[in-house]
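Engineer: The structure's right below; bear with me while I get my questions together.
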Amino acid sequence: MATSALDSRVFRNLFGTQEIRDIFTDAAYVKQMVRVEAALARAQAKTGVIPADAGDAITTALEAAVLDFEKLAHDTDIVGYPVLPLIEQLLPQCPAEKAKYIHWGATTQDIMDDASMLQIRSGLQIVERQIRELISILEKLSAVYRDTPMAGRTHLQHALPCTFGYKCAVYLSSIVRHHARVKDIQERCLQVQFGGAAGTLASLGSDDTGLRVRAALAEELGLQNPPITWHVARDNIAEILNFLALVGGSLGKIAYDIIIMSSNEMGEVSEPFVPHRGASSTMPQKRNPISSEVILAASKLLRANASLGLDGMVVDFERASGPWHLEWVAIPSSFVLAVGSLHQTNFALGGLVVNTESMMNNLCSTKGLIVGEAVMMGLAPFIGRQPAHDVVYEACKKSIEERISLLDVLKGQPEVMAKISEETLADLCNPINYFGASQLMVDEMLQYSKAKVNS
C-alpha cells in the first residue's frame with residue numbers, strides 16, 4: 001500500500017510520471033545493486049584480482065538470479081542495509097567455486113552509492129529531455145507573442161507595459177541555464193564509488209591494485225573515475241538535489257504567474273481545456289489551474305529535499321553515522337517531483353490559452369496610469385526630472401480620484417501643454433509605445449537559446 005502521494009494509486013500521476021517512477025522502484029534499485037556487483041566482478045577479473053573467468057561466470061549467474069523481496073525486506077530491517085542480505089541470496093545462485101569472489105574487497109556503501117548513481121544518471125537523462133521540450137515550447141511562445149502588449153506588474157500592481165513574449169523569454173532564460181547545469185552535472189557529478197571499509201581500498205593491498213579496480217569498475221558502469229574516494233564528501237549528491245530544486249523554483253515561478261493570470265479578474269491565460277480538469281464538486285463553473293497548483297506544491301517539496309541534501313553533507317569521519325540515510329528519501333522523491341513538474345509545465349504551456357484581448361484590456365484598465373514613467377521622462381528634459389515626477393504624480397492622483405484618463409488630466413494642465421504638443425503627449429500616453437528594449441531582448445534570448453542548447 002502506498003503511503004506517499006508520489007506513488008499513490010490516486011495521486012501519483014499528478015506528481016510524477018511512470019517513466020521516472022520505474023527508475024526508482026525497489027525492484028529497479030535492487031537490480032542496479034546486482035548490476036554493480038556483477039560489474040565489480042568483471043572489473044576485478046580484468047585486473048587480475050580474481051580468476052579471469054570468474055567475472056563472466058558471476059555476471060551470468062547474477063543476470064539469472066531470482067530474489068525473494070519479502071526476505072530481503074525482512075533481513076534489511078535486521079541488518080539496517082540491503083547489501084548483505086542481497087549477497088546472501090546471490091551466493092547460492094552462483095557456481096560454488098566462483099561465488100566466494102562476489103563483493104570482493106567492497107563495502108555496503110560502495111554498492112549502494114553506485115546503484116544510486118546509475119539511477120541518478122537515468123533520471124538526469126529524463127530531466128534533460130523534458131527541459132529540452134520546455135525550451136522548445138517557450139521559444140515558440142516568445143516568438144509568437146513577441147509584440148503582444150500586456151501589463152507588466154510589480155508588487156501585483158501595474159508597473160510598465162511589456163509583451164507576453166518578453167515574459168515568456170524571461171522564463172526561457174532560466175530554463176536554458178538549467179539545461180547548461182544538467183549537462184555540466186552529468187559530466188562532473190556521476191562518479192563511481194569504490195573505497196572499501198574506510199575508503200582506503202586497503203582490502204586490495206597497499207599497491208595500486210584498488211585504484212586499477214576502481215578505474216575498471218568506472219569503465220564497466222560508464223561512470224567517471226574520481227581521483228579519491230568520495231563516500232563522505234557528498235557535495236555531488238547535494239548539488240544534484242539542489243539543481244532539481246532550482247528547476248522546481250523556476251517552474252514554480254511560471255506556475256504562480258499562470259495561477260494569477262488565469263484568475264477571473266485578469267483572464268489573460270488559462271491552462272489547456274480538458275473536460276472536467278480543474279472542475280469543482282459543487283461549483284460547475286470552475287476551471288482551476290490544476291497543473292500550476294501541483295507544480296507550485298512540488299517546488300516547495302523540492303526545496304525541502306534540497307536542504308536534506310545539504311544536511312547529508314555534514315558527516316562524521318570516514319563513515320557517516322546517519323546523515324547518508326537522508327539521501328535514500330530525498331533522491332527518489334526529488335527526481336519524481338522534478339520530472340512530474342516538468343511534465344505538468346510542458347502540458348500547461350504547450351497548450352496554453354492566451355487571451356490577447358484581455359491582456360490589452362487590462363493594460364488599458366488604469367486609464368494610462370501605467371505609462372506615468374513615460375510621461376515623466378518625456379517632460380523631464382523640459383522641466384527637470386523631479387519636477388516632472390511631481391507633476392505626473394499629481395496628475396495620476398487626479399486621474400484615480402476623478403476616474404478620468406491620465407491623458408485628459410494632462411491636457412488640462414497648461415504647464416504641460418506649454419512644453420509639448422498634444423500629439424506628443426498622446427504618444428507618451430499610449431502604452432504600446434513604451435516597451436523599451438523588451439522586444440529586442442526577446443530576439444536576443446531566442447538567438448542565445450538556440451545557440452546554447454544546440455551547441
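Here's how to read the names in the C-alpha cells: chain A, B, ... by the order shown, residue numbers from 1 in each chain, ligand numbers from 1 in the order shown.
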Quick one: residues within 7 Å of A:Met33, only C-alpha atoms counted, chain neighbours fewer than 3 positions away excluded, as a short mmCIF file (atom, residue, chain, number, x, y, z; two decimals) with N, CA, C and O atoms, in the first residue's frame?

Structural biologist:
```cif
data_model
loop_
_atom_site.label_atom_id
_atom_site.label_comp_id
_atom_site.auth_asym_id
_atom_site.auth_seq_id
_atom_site.Cartn_x
_atom_site.Cartn_y
_atom_site.Cartn_z
N TYR A 29 16.09 -0.49 -8.02
CA TYR A 29 17.26 -0.23 -7.19
C TYR A 29 18.04 -1.51 -6.92
O TYR A 29 19.27 -1.56 -7.05
N VAL A 30 17.32 -2.55 -6.56
CA VAL A 30 17.98 -3.84 -6.30
C VAL A 30 18.64 -4.35 -7.58
O VAL A 30 19.76 -4.87 -7.54
N VAL A 36 25.84 -3.70 -10.23
CA VAL A 36 27.12 -3.21 -9.71
C VAL A 36 27.98 -4.38 -9.23
O VAL A 36 29.20 -4.43 -9.49
N GLU A 37 27.39 -5.32 -8.52
CA GLU A 37 28.15 -6.49 -8.05
C GLU A 37 28.74 -7.25 -9.24
O GLU A 37 29.90 -7.70 -9.20
N ILE A 111 28.41 -0.33 -3.03
CA ILE A 111 27.37 -0.90 -3.89
C ILE A 111 26.15 0.02 -3.93
O ILE A 111 25.59 0.28 -5.01
N MET A 112 25.74 0.52 -2.78
CA MET A 112 24.54 1.37 -2.75
C MET A 112 24.77 2.70 -3.46
O MET A 112 23.89 3.18 -4.18
N ALA A 115 24.77 2.04 -7.23
CA ALA A 115 23.41 1.80 -7.70
C ALA A 115 22.63 3.11 -7.79
O ALA A 115 21.89 3.35 -8.75
#
```

Engineer: Please, which residues of stretch 98-342 of chain A, numbered as in this document, come out helix (DSSP H, G or I) from DSSP, as an MDAnalysis selection string?

Structural biologist: chainID A and resid 98:99 108:144 164:188 202:204 209:221 235:261 290:311 324:342

Engineer: Could you please take those selected residues and save C-alpha atoms as a tab-separated table (two decimals), in the first residue's frame?

Structural biologist:
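The resulting file, part.tsv, is shown below:
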```
chain	number	residue	atom	x	y	z
A	98	LYS	CA	33.14	-18.56	-8.12
A	99	ALA	CA	30.60	-17.38	-5.52
A	108	THR	CA	27.97	-1.78	1.54
A	109	GLN	CA	28.14	1.91	0.65
A	110	ASP	CA	30.19	1.19	-2.49
A	111	ILE	CA	27.37	-0.90	-3.89
A	112	MET	CA	24.54	1.37	-2.75
A	113	ASP	CA	26.20	4.58	-3.94
A	114	ASP	CA	26.96	3.11	-7.35
A	115	ALA	CA	23.41	1.80	-7.70
A	116	SER	CA	22.13	5.25	-6.79
A	117	MET	CA	24.49	6.86	-9.31
A	118	LEU	CA	23.11	4.65	-12.06
A	119	GLN	CA	19.57	5.65	-11.11
A	120	ILE	CA	20.56	9.32	-10.98
A	121	ARG	CA	22.15	9.08	-14.42
A	122	SER	CA	18.94	7.69	-15.91
A	123	GLY	CA	16.89	10.30	-14.04
A	124	LEU	CA	19.03	13.17	-15.32
A	125	GLN	CA	18.58	11.95	-18.88
A	126	ILE	CA	14.81	12.26	-18.48
A	127	VAL	CA	15.18	15.68	-16.84
A	128	GLU	CA	17.35	16.87	-19.71
A	129	ARG	CA	14.85	15.64	-22.30
A	130	GLN	CA	11.95	17.35	-20.52
A	131	ILE	CA	13.95	20.57	-20.22
A	132	ARG	CA	14.66	20.50	-23.94
A	133	GLU	CA	10.93	20.11	-24.62
A	134	LEU	CA	10.15	23.05	-22.34
A	135	ILE	CA	12.77	25.19	-24.08
A	136	SER	CA	11.14	24.47	-27.43
A	137	ILE	CA	7.72	25.42	-26.08
A	138	LEU	CA	8.98	28.66	-24.53
A	139	GLU	CA	10.88	29.60	-27.69
A	140	LYS	CA	7.65	29.29	-29.64
A	141	LEU	CA	5.63	31.31	-27.12
A	142	SER	CA	8.31	34.02	-27.02
A	143	ALA	CA	8.33	34.33	-30.80
A	144	VAL	CA	4.58	34.19	-31.34
A	164	PHE	CA	3.75	38.45	-23.26
A	165	GLY	CA	6.61	37.25	-25.44
A	166	TYR	CA	9.01	39.16	-23.21
A	167	LYS	CA	7.56	37.44	-20.14
A	168	CYS	CA	7.98	34.03	-21.81
A	169	ALA	CA	11.53	34.88	-22.85
A	170	VAL	CA	12.38	35.65	-19.22
A	171	TYR	CA	11.05	32.21	-18.30
A	172	LEU	CA	13.13	30.77	-21.14
A	173	SER	CA	16.33	32.34	-19.84
A	174	SER	CA	16.24	30.36	-16.61
A	175	ILE	CA	15.36	27.09	-18.34
A	176	VAL	CA	18.28	27.50	-20.76
A	177	ARG	CA	20.57	27.90	-17.74
A	178	HIS	CA	19.10	24.71	-16.27
A	179	HIS	CA	19.94	22.93	-19.50
A	180	ALA	CA	23.55	24.04	-19.12
A	181	ARG	CA	23.52	22.93	-15.49
A	182	VAL	CA	22.21	19.43	-16.22
A	183	LYS	CA	24.85	18.93	-18.90
A	184	ASP	CA	27.54	20.11	-16.52
A	185	ILE	CA	26.30	17.87	-13.70
A	186	GLN	CA	26.25	14.84	-15.97
A	187	GLU	CA	29.89	15.47	-16.84
A	188	ARG	CA	31.10	16.22	-13.31
A	202	ALA	CA	43.20	-1.46	1.93
A	203	SER	CA	41.39	-4.76	1.32
A	204	LEU	CA	43.06	-4.94	-2.09
A	209	THR	CA	45.50	-2.65	-7.33
A	210	GLY	CA	42.49	-0.98	-5.75
A	211	LEU	CA	42.90	2.06	-7.98
A	212	ARG	CA	43.04	-0.13	-11.07
A	213	VAL	CA	39.91	-1.95	-9.98
A	214	ARG	CA	38.11	1.33	-9.38
A	215	ALA	CA	39.07	2.56	-12.86
A	216	ALA	CA	37.89	-0.69	-14.42
A	217	LEU	CA	34.63	-0.54	-12.45
A	218	ALA	CA	34.05	3.01	-13.65
A	219	GLU	CA	34.51	1.83	-17.22
A	220	GLU	CA	32.15	-1.10	-16.73
A	221	LEU	CA	29.41	1.15	-15.33
A	235	ASP	CA	28.66	17.61	-2.34
A	236	ASN	CA	27.92	15.92	-5.67
A	237	ILE	CA	24.67	14.47	-4.32
A	238	ALA	CA	23.76	17.77	-2.66
A	239	GLU	CA	24.43	19.59	-5.93
A	240	ILE	CA	22.11	17.27	-7.84
A	241	LEU	CA	19.33	17.71	-5.28
A	242	ASN	CA	19.80	21.48	-5.27
A	243	PHE	CA	19.80	21.52	-9.07
A	244	LEU	CA	16.43	19.76	-9.07
A	245	ALA	CA	15.21	22.33	-6.52
A	246	LEU	CA	16.41	25.15	-8.79
A	247	VAL	CA	14.43	23.66	-11.65
A	248	GLY	CA	11.42	23.41	-9.34
A	249	GLY	CA	11.88	27.04	-8.33
A	250	SER	CA	11.81	28.24	-11.94
A	251	LEU	CA	8.78	26.10	-12.72
A	252	GLY	CA	7.09	27.31	-9.54
A	253	LYS	CA	7.54	30.92	-10.64
A	254	ILE	CA	5.94	30.16	-14.01
A	255	ALA	CA	3.11	28.27	-12.31
A	256	TYR	CA	2.49	31.11	-9.86
A	257	ASP	CA	2.21	33.59	-12.73
A	258	ILE	CA	-0.23	31.33	-14.56
A	259	ILE	CA	-2.37	30.91	-11.45
A	260	ILE	CA	-2.71	34.65	-11.00
A	261	MET	CA	-3.10	35.47	-14.70
A	290	ILE	CA	-4.56	22.23	-11.63
A	291	SER	CA	-1.17	21.71	-13.29
A	292	SER	CA	0.12	25.00	-11.96
A	293	GLU	CA	-1.12	24.24	-8.46
A	294	VAL	CA	0.68	20.87	-8.48
A	295	ILE	CA	3.87	22.47	-9.82
A	296	LEU	CA	3.77	25.11	-7.10
A	297	ALA	CA	3.39	22.47	-4.38
A	298	ALA	CA	6.16	20.33	-5.88
A	299	SER	CA	8.54	23.29	-5.98
A	300	LYS	CA	8.18	23.64	-2.20
A	301	LEU	CA	8.85	19.93	-1.67
A	302	LEU	CA	11.91	20.08	-3.90
A	303	ARG	CA	13.36	22.94	-1.86
A	304	ALA	CA	12.78	20.92	1.32
A	305	ASN	CA	14.60	17.94	-0.19
A	306	ALA	CA	17.48	20.18	-1.25
A	307	SER	CA	18.03	21.05	2.39
A	308	LEU	CA	18.18	17.33	3.19
A	309	GLY	CA	20.99	17.00	0.68
A	310	LEU	CA	22.87	19.82	2.37
A	311	ASP	CA	22.33	18.20	5.77
A	324	TRP	CA	23.56	9.29	4.48
A	325	HIS	CA	20.09	7.86	5.09
A	326	LEU	CA	18.55	11.22	4.21
A	327	GLU	CA	19.53	10.68	0.59
A	328	TRP	CA	17.53	7.45	0.42
A	329	VAL	CA	14.42	9.58	0.89
A	330	ALA	CA	15.45	12.75	-0.93
A	331	ILE	CA	16.90	11.39	-4.18
A	332	PRO	CA	13.94	9.31	-5.44
A	333	SER	CA	11.31	11.83	-4.37
A	334	SER	CA	13.21	14.79	-5.85
A	335	PHE	CA	13.55	13.12	-9.23
A	336	VAL	CA	9.89	12.11	-9.29
A	337	LEU	CA	8.79	15.61	-8.28
A	338	ALA	CA	11.11	17.38	-10.74
A	339	VAL	CA	10.15	15.22	-13.70
A	340	GLY	CA	6.48	15.42	-12.72
A	341	SER	CA	6.72	19.22	-12.55
A	342	LEU	CA	8.43	19.41	-15.94
```

Engineer: A:Phe69, A:Tyr448, A:Trp104, A:Tyr393: which is nearest A:Arg42, counting only C-alpha atoms?

Structural biologist: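 Of all the options, A:Trp104 lies closest to A:Arg42.
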
Engineer: Which residues are near A:Val232? Cut-off 8 Å, only C-alpha atoms, ignore same chain within fewer than 2 positions. Put them as a list in words.

Structural biologist: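 In the requested format, the answer is Trp230, Arg234, Met313, Val315, Asp316, Phe317, Glu318, Arg319 and Ala320 of chain A.
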
Engineer: When you count only C-alpha atoms, which of these residues is closest to A:Glu444: A:Thr60, A:Glu415, A:Arg146, A:Ala426?

Structural biologist: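 Distance minimum relative to A:Glu444 lands on A:Arg146.
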
Engineer: Looking at only C-alpha atoms, which of A:Ile420, A:Ser270, A:Leu6, A:Thr366 is the one that sits closest to A:Gln157?

Structural biologist: A:Thr366

Engineer: Expressed in Å to a single decimal, how great is the separation between atom CA of A:Thr345 and atom CA of A:Phe273?

Structural biologist: 14.4 Å

Engineer: Report, in Å with one decimal, the straight-line distance from atom CA of A:Pro149 to atom CA of A:Thr163.

Structural biologist: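 Those two atoms sit 4.5 Å apart.
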
Engineer: Could you pull the residues within 12 Å of A:Ala418, counting only C-alpha atoms, minus those fewer than 5 positions along the same chain, as a list in words?

Structural biologist: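 In the requested form, the answer reads Leu379, Phe382, Ile383, Leu410, Lys411, Gly412, Gln413, Thr424 and Leu425 of chain A.
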
Engineer: Atom CA of A:Ala197 and atom CA of A:Asp56 are how many Å apart?

Structural biologist: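 Pair atom CA of A:Ala197 / atom CA of A:Asp56 returns 25.4 Å.
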
Engineer: Of the candidates A:Val269, A:Ile87, A:Leu406, A:Ala198, which shows the shortest atom-to-atom distance to A:Gly372, using only C-alpha atoms?

Structural biologist: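 The shortest atom-to-atom distance to A:Gly372 comes from A:Leu406.
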
Engineer: Could you tell me, as a list of chain:residue names, which residues of stretch 158-335 of chain A DSSP assigns to strand (DSSP E or B) when given the backbone?

Structural biologist: A:His158, A:Ala159, A:Leu160, A:Pro161, A:Cys162, A:Thr163, A:Gln191, A:Gln224, A:Val269, A:Ser270
